[in-house]
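A.B. asks: Contents of protein_1.cif (mmCIF, C-alpha atoms) are below:
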data_structure
loop_
_atom_site.label_atom_id
_atom_site.label_comp_id
_atom_site.auth_asym_id
_atom_site.auth_seq_id
_atom_site.Cartn_x
_atom_site.Cartn_y
_atom_site.Cartn_z
CA LYS A 543 32.19 -54.88 34.03
CA ALA A 544 32.35 -58.66 34.28
CA GLY A 545 30.28 -60.63 31.79
CA VAL A 546 27.86 -63.47 32.33
CA THR A 547 29.55 -66.46 33.91
CA GLN A 548 28.40 -70.05 33.81
CA THR A 549 29.64 -73.00 35.80
CA PRO A 550 30.68 -75.62 35.15
CA ARG A 551 31.84 -75.19 31.58
CA TYR A 552 31.82 -78.91 30.82
CA LEU A 553 29.93 -81.75 32.43
CA ILE A 554 29.58 -85.45 31.75
CA LYS A 555 26.70 -87.29 33.35
CA THR A 556 25.07 -90.70 33.06
CA ARG A 557 21.50 -91.37 32.02
CA GLY A 558 19.14 -91.17 34.98
CA GLN A 559 21.29 -88.77 36.98
CA GLN A 560 20.41 -85.18 37.67
CA VAL A 561 22.46 -82.06 37.07
CA THR A 562 22.51 -78.45 38.25
CA LEU A 563 23.95 -75.64 36.15
CA SER A 564 24.72 -72.19 37.48
CA CYS A 565 24.61 -68.75 35.91
CA SER A 566 25.80 -65.44 37.36
CA PRO A 567 24.43 -62.45 35.44
CA ILE A 568 26.11 -59.15 34.72
CA SER A 569 26.00 -56.91 37.77
CA GLY A 570 22.76 -54.95 37.81
CA HIS A 571 20.92 -57.35 35.51
CA ARG A 572 17.78 -58.80 37.06
CA SER A 573 16.60 -60.98 34.20
CA VAL A 574 18.12 -64.35 33.41
CA SER A 575 17.07 -66.58 30.53
CA TRP A 576 18.18 -70.09 29.69
CA TYR A 577 18.48 -71.64 26.24
CA GLN A 578 19.33 -75.11 25.01
CA GLN A 579 21.41 -75.44 21.83
CA THR A 580 21.61 -78.73 19.92
CA PRO A 581 22.64 -79.46 16.32
CA GLY A 582 19.20 -80.83 15.51
CA GLN A 583 16.84 -78.41 17.23
CA GLY A 584 19.00 -75.31 17.23
CA LEU A 585 18.51 -72.74 19.97
CA GLN A 586 15.43 -73.26 22.08
CA PHE A 587 14.16 -71.18 24.97
CA LEU A 588 13.89 -72.93 28.34
CA PHE A 589 12.78 -70.31 30.86
CA GLU A 590 13.17 -66.75 32.03
CA TYR A 591 13.48 -65.42 35.55
CA PHE A 592 13.09 -61.88 36.78
CA SER A 593 13.42 -60.85 40.41
CA GLU A 594 13.27 -64.47 41.60
CA THR A 595 10.05 -65.20 39.67
CA GLN A 596 9.71 -67.40 36.63
CA ARG A 597 8.19 -65.09 34.08
CA ASN A 598 8.19 -67.28 31.01
CA LYS A 599 8.67 -70.94 30.17
CA GLY A 600 9.44 -72.77 26.96
CA ASN A 601 8.10 -76.08 25.77
CA PHE A 602 10.26 -78.46 27.77
CA PRO A 603 9.23 -81.33 30.07
CA GLY A 604 8.95 -80.89 33.80
CA ARG A 605 12.35 -82.53 34.26
CA PHE A 606 13.76 -79.11 33.43
CA SER A 607 13.42 -76.61 36.23
CA GLY A 608 15.11 -73.50 37.44
CA ARG A 609 15.23 -70.83 40.07
CA GLN A 610 16.68 -67.44 40.71
CA PHE A 611 18.15 -66.12 43.91
CA SER A 612 17.91 -62.69 45.48
CA ASN A 613 21.30 -61.74 44.02
CA SER A 614 19.93 -62.59 40.53
CA ARG A 615 22.11 -65.67 40.18
CA SER A 616 20.19 -68.50 38.58
CA GLU A 617 20.37 -72.25 38.51
CA MET A 618 18.74 -74.74 36.24
CA ASN A 619 18.24 -78.37 37.11
CA VAL A 620 17.62 -81.34 34.88
CA SER A 621 16.46 -84.52 36.56
CA THR A 622 16.46 -88.07 35.20
CA LEU A 623 18.84 -87.20 32.41
CA GLU A 624 18.27 -88.62 28.94
CA LEU A 625 20.74 -88.94 26.08
CA GLY A 626 18.81 -86.24 24.22
CA ASP A 627 19.60 -83.73 26.95
CA SER A 628 23.18 -83.56 25.68
CA ALA A 629 23.52 -79.96 24.57
CA LEU A 630 25.11 -76.60 25.10
CA TYR A 631 23.12 -74.73 27.75
CA LEU A 632 23.34 -70.98 27.41
CA CYS A 633 22.40 -68.42 29.98
CA ALA A 634 21.66 -64.81 29.08
CA SER A 635 21.13 -61.81 31.30
CA SER A 636 19.55 -58.43 30.73
CA ARG A 637 18.26 -55.48 32.69
CA GLY A 638 14.77 -56.53 31.74
CA ARG A 639 12.46 -56.73 28.77
CA GLY A 640 13.32 -54.18 26.14
CA TYR A 641 17.01 -54.55 26.81
CA GLU A 642 19.61 -56.64 25.05
CA GLN A 643 20.38 -60.11 26.32
CA TYR A 644 24.05 -60.87 26.92
CA PHE A 645 25.11 -64.48 26.83
CA GLY A 646 27.49 -66.49 28.93
CA PRO A 647 30.00 -68.98 27.48
CA GLY A 648 27.65 -71.90 28.05
CA THR A 649 27.82 -75.25 29.79
CA ARG A 650 28.46 -78.23 27.56
CA LEU A 651 26.51 -81.18 29.00
CA THR A 652 27.18 -84.67 27.72
CA VAL A 653 24.90 -87.50 28.83
CA THR A 654 26.25 -91.02 28.33
CA ALA B 1406 3.59 -68.14 16.95
CA GLN B 1407 6.56 -66.28 15.62
CA THR B 1408 9.13 -67.98 13.41
CA VAL B 1409 12.53 -66.98 12.07
CA THR B 1410 14.00 -68.42 8.88
CA GLN B 1411 17.56 -68.25 7.66
CA SER B 1412 17.64 -69.81 4.20
CA GLN B 1413 21.43 -69.88 3.79
CA PRO B 1414 22.99 -72.65 5.91
CA GLU B 1415 26.48 -71.68 4.74
CA MET B 1416 28.10 -68.74 3.04
CA SER B 1417 31.60 -67.79 2.07
CA VAL B 1418 33.25 -64.42 1.50
CA GLN B 1419 36.68 -63.24 0.49
CA GLU B 1420 38.57 -61.16 3.03
CA ALA B 1421 37.88 -57.41 2.56
CA GLU B 1422 34.75 -58.14 0.50
CA THR B 1423 31.10 -57.57 1.45
CA VAL B 1424 28.59 -60.29 2.27
CA THR B 1425 24.89 -60.22 3.05
CA LEU B 1426 23.14 -62.78 5.25
CA SER B 1427 19.39 -63.22 4.83
CA CYS B 1428 16.69 -63.56 7.43
CA THR B 1429 12.92 -63.58 7.21
CA TYR B 1430 10.45 -63.81 10.03
CA ASP B 1431 6.78 -64.27 10.57
CA THR B 1432 4.74 -62.43 13.17
CA SER B 1433 1.38 -60.82 13.67
CA GLU B 1434 2.81 -58.29 16.11
CA SER B 1435 3.50 -54.72 15.08
CA ASP B 1436 6.12 -53.96 17.69
CA TYR B 1437 9.13 -56.18 18.29
CA TYR B 1438 12.92 -56.35 18.22
CA LEU B 1439 15.23 -58.07 15.78
CA PHE B 1440 18.81 -59.07 16.45
CA TRP B 1441 21.83 -60.60 14.83
CA TYR B 1442 24.06 -62.68 17.06
CA LYS B 1443 27.46 -64.11 16.19
CA GLN B 1444 28.71 -67.41 17.61
CA PRO B 1445 32.38 -68.11 16.89
CA PRO B 1446 33.94 -71.55 17.47
CA SER B 1447 34.42 -70.60 21.13
CA ARG B 1448 30.58 -70.87 21.35
CA GLN B 1449 30.20 -67.50 23.10
CA MET B 1450 27.12 -65.81 21.66
CA ILE B 1451 27.88 -62.18 20.86
CA LEU B 1452 25.32 -59.50 20.03
CA VAL B 1453 26.16 -57.90 16.69
CA ILE B 1454 23.31 -55.51 16.06
CA ARG B 1455 19.77 -54.71 17.17
CA GLN B 1456 16.79 -53.18 15.37
CA GLU B 1457 13.56 -51.90 16.87
CA ALA B 1458 10.60 -52.53 14.59
CA TYR B 1459 9.15 -49.05 15.10
CA LYS B 1460 12.31 -47.45 13.75
CA GLN B 1461 12.41 -46.99 10.01
CA GLN B 1462 16.11 -46.22 10.00
CA ASN B 1463 18.32 -49.25 9.52
CA ALA B 1464 20.71 -49.98 12.38
CA THR B 1465 24.45 -49.71 11.80
CA GLU B 1466 27.33 -50.82 13.97
CA ASN B 1467 30.73 -50.15 12.42
CA ARG B 1468 31.15 -52.64 9.53
CA PHE B 1469 27.79 -54.25 10.26
CA SER B 1470 24.51 -52.90 8.96
CA VAL B 1471 21.03 -54.24 8.42
CA ASN B 1472 18.40 -53.88 5.75
CA PHE B 1473 15.09 -53.97 7.63
CA GLN B 1474 12.02 -54.33 5.44
CA LYS B 1475 9.07 -54.47 7.83
CA ALA B 1476 6.36 -55.04 5.25
CA ALA B 1477 8.32 -57.88 3.68
CA LYS B 1478 9.32 -59.19 7.14
CA SER B 1479 12.92 -59.29 6.05
CA PHE B 1480 16.00 -58.48 8.12
CA SER B 1481 19.32 -59.00 6.35
CA LEU B 1482 22.80 -58.37 7.74
CA LYS B 1483 25.51 -56.80 5.63
CA ILE B 1484 29.13 -57.22 6.67
CA SER B 1485 31.50 -54.84 4.91
CA ASP B 1486 35.27 -55.24 4.63
CA SER B 1487 35.05 -58.80 5.92
CA GLN B 1488 37.79 -59.90 8.28
CA LEU B 1489 39.04 -63.36 9.24
CA GLY B 1490 37.61 -62.81 12.70
CA ASP B 1491 34.12 -62.51 11.23
CA ALA B 1492 34.08 -66.26 10.54
CA ALA B 1493 31.34 -67.69 12.76
CA MET B 1494 27.74 -68.88 12.93
CA TYR B 1495 25.35 -65.98 12.61
CA PHE B 1496 21.91 -66.20 14.14
CA CYS B 1497 18.98 -63.97 13.40
CA ALA B 1498 16.63 -63.59 16.37
CA TYR B 1499 13.20 -62.12 17.08
CA ARG B 1500 11.82 -60.92 20.36
CA SER B 1501 8.44 -59.54 21.30
CA VAL B 1502 8.45 -56.33 23.29
CA GLY B 1503 7.35 -58.37 26.27
CA TYR B 1504 4.19 -56.74 27.51
CA GLY B 1505 0.51 -57.40 27.14
CA GLY B 1506 0.96 -61.10 27.61
CA SER B 1507 3.51 -61.53 24.84
CA GLN B 1508 6.64 -63.42 25.67
CA GLY B 1509 9.99 -61.74 25.85
CA ASN B 1510 12.26 -64.61 24.95
CA LEU B 1511 14.46 -64.73 21.87
CA ILE B 1512 13.33 -66.86 18.93
CA PHE B 1513 16.28 -67.89 16.80
CA GLY B 1514 16.73 -68.96 13.23
CA LYS B 1515 18.82 -72.04 12.43
CA GLY B 1516 21.89 -69.98 11.67
CA THR B 1517 24.22 -69.27 8.76
CA LYS B 1518 27.81 -70.47 8.91
CA LEU B 1519 30.05 -67.78 7.45
CA SER B 1520 33.53 -68.64 6.22
CA VAL B 1521 36.05 -65.93 5.39
CA LYS B 1522 38.76 -66.78 2.86
CA PRO B 1523 42.13 -65.02 3.09
#
For the file at hand, write its structure as structure tokens.
C.D. replies:
Amino acid sequence: KAGVTQTPRYLIKTRGQQVTLSCSPISGHRSVSWYQQTPGQGLQFLFEYFSETQRNKGNFPGRFSGRQFSNSRSEMNVSTLELGDSALYLCASSRGRGYEQYFGPGTRLTVT
Amino acid sequence: AQTVTQSQPEMSVQEAETVTLSCTYDTSESDYYLFWYKQPPSRQMILVIRQEAYKQQNATENRFSVNFQKAAKSFSLKISDSQLGDAAMYFCAYRSVGYGGSQGNLIFGKGTKLSVKP
């Protein structure tokens, strides 16, 4: 069974631009969660989607948004990029709450 | 709010030896899950082991085992017969069971960087 895939793997953007990251979950998984990983703040939860509905949201500004499609694929969008948004963005999928989350390889975003 | 603390930023172990990574957490919930994840230099986060809080028996997965002390809110990971491929960042994580209004996201500790010496 194919694992969680994330595209693109690497991205370089300029301050003020916006970016969209994509995540394809493991087949059969309906829950997708996003995490931001930085050296300073560690791993922080962004949001969780289940069956196209945002079920949970972390403490991030409104510039961070996401959505989930009917095939469970998810995208997250960051508008008006700031230097501090440079991070590894990890996506994780699971069958639902109570089940393990499996992570993708991440998207490394660099904002210059 | 729940918190997870890993007090050892770095650890080192000799190949074939045993090492224990520490993790403590704080919660007022009685039912939850605890996990250890491994993140090698490739950055892919890999699930190592999972423990349900209602289970008294410690989880074991091949060379990996945990010592779960619910009253002490402690969840340590023991790696036996350490191998070079075990070198990675290890993250302890907490998750609520996700019902009754509690959130189901993972809460991570800061991580422990494990080095394995040949």
A.B. asks: Mind checking which residues fall within 8 Å of Asn1510 in chain B, counting all atoms listed in the file, ignoring those fewer than 3 positions away in the same chain, and posting them as a PyMOL selection string?
C.D. replies: (chain A and resi 575+587+590+598) or (chain B and resi 1500-1501)
A.B. asks: Hey, can you check how far CA of Glu1466 in chain B sits from CA of Ile1454 in chain B?
C.D. replies: 6.5 Å
A.B. asks: Closest to Gln1488 in chain B among B:Gln1407, B:Thr1423, B:Gln1413, B:Gln1462, using all atoms listed in the file?
C.D. replies: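 For Gln1488 in chain B, the nearest of the candidates is B:Thr1423.
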A.B. asks: I'd like the residues picked by the PyMOL selection byres ((chain B) within 7 of (chain A)) written out as a list in words, using the chain letters and numbers from the file.
C.D. replies: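 Applying the PyMOL selection byres ((chain B) within 7 of (chain A)) to the structure shown produces Arg1448, Gln1449, Met1450, Ile1451, Val1502, Gly1503, Gln1508, Gly1509, Asn1510, Phe1513 and Lys1515 of chain B.
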A.B. asks: Taking the file as shown, find all residues satisfying the PyMOL selection byres ((chain B and resi 1418) around 10) and write them as an MDAnalysis selection string.
C.D. replies: chainID B and resid 1416:1417 1419:1425 1484 1486:1489 1491:1492 1519:1523
A.B. asks: Could you give me, as a list in words, the residues within 10 Å of Ser1412 in chain B, counting only C-alpha atoms and dropping anything in the same chain fewer than 3 positions from it?
C.D. replies: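 Here the answer would be Val1409, Glu1415, Leu1426, Ser1427, Cys1428, Thr1429, Gly1514, Lys1515, Gly1516 and Thr1517 of chain B.
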A.B. asks: Using C-alpha atoms, can you write the selected residues to a file as an mmCIF file, in the coordinates of the input?
C.D. replies:
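Saved file out.cif follows:
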data_model
loop_
_atom_site.group_PDB
_atom_site.id
_atom_site.type_symbol
_atom_site.label_atom_id
_atom_site.label_comp_id
_atom_site.auth_asym_id
_atom_site.auth_seq_id
_atom_site.Cartn_x
_atom_site.Cartn_y
_atom_site.Cartn_z
ATOM 1 C CA VAL B 1409 12.530 -66.980 12.070
ATOM 2 C CA GLU B 1415 26.480 -71.680 4.740
ATOM 3 C CA LEU B 1426 23.140 -62.780 5.250
ATOM 4 C CA SER B 1427 19.390 -63.220 4.830
ATOM 5 C CA CYS B 1428 16.690 -63.560 7.430
ATOM 6 C CA THR B 1429 12.920 -63.580 7.210
ATOM 7 C CA GLY B 1514 16.730 -68.960 13.230
ATOM 8 C CA LYS B 1515 18.820 -72.040 12.430
ATOM 9 C CA GLY B 1516 21.890 -69.980 11.670
ATOM 10 C CA THR B 1517 24.220 -69.270 8.760
#
A.B. asks: List, as a ChimeraX atom specification, every residue that the PyMOL selection byres ((chain A and resi 603) around 12) selects in the file provided.
C.D. replies: /A:588-589,599-602,604-607,619-624,627
A.B. asks: Quick check, in Å to one decimal: how far apart do CA of Glu617 in chain A and CA of Ala629 in chain A lie?
C.D. replies: 16.2 Å
A.B. asks: Excluding Glu594 in chain A and any residue of its chain fewer than 5 positions from it, enumerate the residues within 9 Å of it, using all atoms listed in the file, and give them as a ChimeraX atom specification.
C.D. replies: /A:572-573,609-614,616
A.B. asks: Go through A:Ala544, A:Arg615, A:Ser564, A:Gln596 one by one, measure the shortest atom-to-atom distance of each to Tyr631 in chain A using all atoms listed in the file, and give the residue with the smallest value.
C.D. replies: A:Ser564
A.B. asks: How many Å lie between CA of Leu651 in chain A and CA of Pro1446 in chain B, rounded to one decimal?
C.D. replies: 16.8 Å
